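Student: Before anything else, here's the structure in question.
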Amino acid sequence: FIFAAAMQRELLFKVLVIGDLGVGKTSIIKRYVHQIYSQHYRTTIGVDFALKVLQWDKDTVIRLQLWDIAGQERYGNMTRVYYREAVGALVVFDVTRASTFDAVMKWKDDLDQKVTLNHGVPVPAVLLANKSDQAPCQQPRLDSFCRENGFVGWFETSAKENTNIEEGARCLVEHILSHE
Ligand code: GTP
Ligand code: MG
């Protein structure tokens with residue numbers, strides 16, 4: 001057993017969680033990492049951090065360092081600093097507020113301008129249509145939207161009901177691993 005443990009590889013991935021104010025970034029992270037949810041809204045100031053440890057397969061432990069970036073930061077000057085060395089991103093919008101979907105491309109463009117993998121390859125990004133417990137997602141053709149705008153996939157999530165968060169994260173990690 002000890003020998004097997006010693007054979008494990010450990011990977012550390014910095015993952016950004018971005019999207020407009022109040023879309024549920026912090027709630028998604030709290031649900032994913034701590035299995036908790038609160039309806040109480042307290043906006044994030046600057047950036048927060050959380051660590052999710054995944055036993056990915058029998059040989060691989062993945063430490064996901066989640067950077068919970070305040071929605072407010074889209075208007076600030078710090079994202080270049082926050083994005084540095086990131087290898088993946090979850091881009092979140094709120095299915096009940098169309099303006100947050102419009103902002104998705106602004107976040108994606110900001111991301112792609114400020115960080116890339118080696119050789120200029122864009123950082124893999126997964127789109128999360130959050131608060132799906134409140135309304136069905138009104139955005140048609142998210143498949144083609146993702147293809148055209150460089151997202152590797154999309155998921156309808158609910159932090160409240162714990163829907164599809166693990167699936168979205170797993171999709172992102174698979175794409176991050178494919179660049180290792
Ligand atoms: P900023 O830190 O201000 O950028 O916001 P955020 O994206 O971190 O949003 P946060 O997680 O703080 O959630 C904002 C509000 O939406 C809170 O009141 C949450 O309880 C609520 N919320 C988050 N996720 C869901 C969800 O899946 N369903 C519902 N119904 N409400 C949600
Ligand atoms: Mg927050």
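The chains in the structure tokens are called A, B, ... from first to last as shown; in each chain the residues are counted from 1, and the ligands are counted from 1 in the order shown.
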Kindly compile the residues surrounding ligand 1 within 10 Å, counting only C-alpha atoms and all ligand atoms, and format them as a PDB file with C-alpha atoms, in the first residue's frame.
Tutor:
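Okay, out36.pdb is ready:
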ATOM      1  CA  VAL A  17     -13.890  30.759 -12.019  1.00  0.00           C
ATOM      2  CA  ILE A  18     -15.129  33.881 -13.789  1.00  0.00           C
ATOM      3  CA  GLY A  19     -18.381  35.519 -14.795  1.00  0.00           C
ATOM      4  CA  ASP A  20     -20.518  38.512 -13.882  1.00  0.00           C
ATOM      5  CA  LEU A  21     -21.649  39.639 -10.440  1.00  0.00           C
ATOM      6  CA  GLY A  22     -23.969  37.287  -8.609  1.00  0.00           C
ATOM      7  CA  VAL A  23     -24.039  34.478 -11.194  1.00  0.00           C
ATOM      8  CA  GLY A  24     -23.064  31.947  -8.523  1.00  0.00           C
ATOM      9  CA  LYS A  25     -19.307  31.466  -8.819  1.00  0.00           C
ATOM     10  CA  THR A  26     -18.715  31.366  -5.087  1.00  0.00           C
ATOM     11  CA  SER A  27     -21.769  29.148  -4.577  1.00  0.00           C
ATOM     12  CA  ILE A  28     -20.554  26.664  -7.193  1.00  0.00           C
ATOM     13  CA  ILE A  29     -17.151  26.464  -5.531  1.00  0.00           C
ATOM     14  CA  LYS A  30     -18.613  26.106  -2.035  1.00  0.00           C
ATOM     15  CA  ARG A  31     -20.873  23.328  -3.281  1.00  0.00           C
ATOM     16  CA  TYR A  37     -24.984  26.079  -0.100  1.00  0.00           C
ATOM     17  CA  SER A  38     -26.427  29.333   1.203  1.00  0.00           C
ATOM     18  CA  GLN A  39     -28.970  31.685  -0.341  1.00  0.00           C
ATOM     19  CA  HIS A  40     -27.332  34.550   1.441  1.00  0.00           C
ATOM     20  CA  TYR A  41     -25.412  36.697  -1.068  1.00  0.00           C
ATOM     21  CA  ARG A  42     -22.124  38.152  -0.007  1.00  0.00           C
ATOM     22  CA  THR A  43     -20.191  39.519  -2.970  1.00  0.00           C
ATOM     23  CA  THR A  44     -16.578  38.459  -3.345  1.00  0.00           C
ATOM     24  CA  ILE A  45     -13.988  41.184  -3.009  1.00  0.00           C
ATOM     25  CA  GLY A  46     -10.982  40.697  -5.271  1.00  0.00           C
ATOM     26  CA  VAL A  47     -10.305  36.981  -5.280  1.00  0.00           C
ATOM     27  CA  ASP A  48     -10.891  33.988  -3.035  1.00  0.00           C
ATOM     28  CA  ASP A  68     -12.911  32.614  -7.316  1.00  0.00           C
ATOM     29  CA  ILE A  69     -12.677  35.968  -9.030  1.00  0.00           C
ATOM     30  CA  ALA A  70     -15.134  38.707  -8.076  1.00  0.00           C
ATOM     31  CA  GLY A  71     -17.532  39.658 -10.876  1.00  0.00           C
ATOM     32  CA  GLN A  72     -16.628  43.234 -10.122  1.00  0.00           C
ATOM     33  CA  GLU A  73     -13.090  42.554 -11.306  1.00  0.00           C
ATOM     34  CA  ARG A  74     -14.082  42.749 -14.973  1.00  0.00           C
ATOM     35  CA  VAL A  92     -20.398  31.128 -15.383  1.00  0.00           C
ATOM     36  CA  PHE A  93     -23.621  32.926 -16.295  1.00  0.00           C
ATOM     37  CA  ASP A  94     -27.039  33.097 -14.653  1.00  0.00           C
ATOM     38  CA  VAL A  95     -29.837  31.605 -16.787  1.00  0.00           C
ATOM     39  CA  THR A  96     -32.318  34.075 -15.278  1.00  0.00           C
ATOM     40  CA  ALA A 129     -25.368  27.950 -17.230  1.00  0.00           C
ATOM     41  CA  ASN A 130     -26.075  28.305 -13.522  1.00  0.00           C
ATOM     42  CA  LYS A 131     -29.301  28.617 -11.455  1.00  0.00           C
ATOM     43  CA  SER A 132     -30.942  26.040 -13.711  1.00  0.00           C
ATOM     44  CA  ASP A 133     -33.243  25.213 -10.761  1.00  0.00           C
ATOM     45  CA  GLN A 134     -34.964  28.560 -11.414  1.00  0.00           C
ATOM     46  CA  ALA A 135     -35.573  28.449 -15.143  1.00  0.00           C
ATOM     47  CA  GLU A 156     -26.619  23.533 -16.979  1.00  0.00           C
ATOM     48  CA  THR A 157     -25.732  23.734 -13.313  1.00  0.00           C
ATOM     49  CA  SER A 158     -27.375  24.488 -10.024  1.00  0.00           C
ATOM     50  CA  ALA A 159     -25.298  25.193  -6.960  1.00  0.00           C
ATOM     51  CA  LYS A 160     -28.526  25.102  -4.997  1.00  0.00           C
ATOM     52  CA  GLU A 161     -29.525  21.613  -6.084  1.00  0.00           C
ATOM     53  CA  ASN A 162     -26.039  20.309  -6.772  1.00  0.00           C
ATOM     54  CA  THR A 163     -26.631  19.667 -10.446  1.00  0.00           C
ATOM     55  CA  ILE A 165     -21.072  20.795 -11.041  1.00  0.00           C
TER      56      ILE A 165
END
Student: Check which residues of region 14-72 of chain A sit at most 12 Å from region 116-124 of chain A using only C-alpha atoms, and return one row each with the closest pair of atoms and their distance in Å to one decimal, ordered by chain and rising number, as JSON lines.
Tutor:
{"residue": "A:Lys14", "atom": "CA", "partner": "A:Val123", "partner_atom": "CA", "distance": 10.8}
{"residue": "A:Val15", "atom": "CA", "partner": "A:Val123", "partner_atom": "CA", "distance": 9.6}
{"residue": "A:Leu16", "atom": "CA", "partner": "A:Val123", "partner_atom": "CA", "distance": 10.1}
Student: Per DSSP on the backbone, what are the strand (DSSP E or B) residues of chain A, as an MDAnalysis selection string?
Tutor: chainID A and resid 9:19 47:57 60:69 88:94 116 122 125:130 153:156 158 163
Student: Identify all residues of chain A in helix (DSSP H, G or I) (DSSP on the backbone) and supply them as a PyMOL selection string.
Tutor: chain A and resi 2-6+25-34+71-75+79-83+98-114+118-120+142-149+165-178
Student: Tell me, as a list of chain:residue names, which residues lie within 12 Å of Asp143 (chain A), counting only C-alpha atoms; anything in the same chain fewer than 5 positions away does not count.
Tutor: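 Contacts, in chain order: A:Val126, A:Leu127, A:Glu148, A:Asn149, A:Gly150, A:Phe151, A:Val152, A:Gly153, A:Trp154, A:Phe155.
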Student: Hey, can you spit out that residue selection with C-alpha atoms as a PDB file, in the first residue's frame?
Tutor:
ATOM      1  CA  VAL A 126     -16.126  25.276 -19.839  1.00  0.00           C
ATOM      2  CA  LEU A 127     -19.350  27.299 -19.859  1.00  0.00           C
ATOM      3  CA  GLU A 148     -17.675  29.109 -32.384  1.00  0.00           C
ATOM      4  CA  ASN A 149     -16.360  30.798 -29.268  1.00  0.00           C
ATOM      5  CA  GLY A 150     -13.785  28.300 -28.131  1.00  0.00           C
ATOM      6  CA  PHE A 151     -15.491  26.676 -25.157  1.00  0.00           C
ATOM      7  CA  VAL A 152     -14.765  22.981 -24.758  1.00  0.00           C
ATOM      8  CA  GLY A 153     -18.288  22.306 -23.455  1.00  0.00           C
ATOM      9  CA  TRP A 154     -21.251  23.592 -21.469  1.00  0.00           C
ATOM     10  CA  PHE A 155     -23.378  22.368 -18.569  1.00  0.00           C
TER      11      PHE A 155
END
Student: Any idea what the distance is between CA of Tyr75 (chain A) and CA of Val104 (chain A)?
Tutor: 14.0 Å
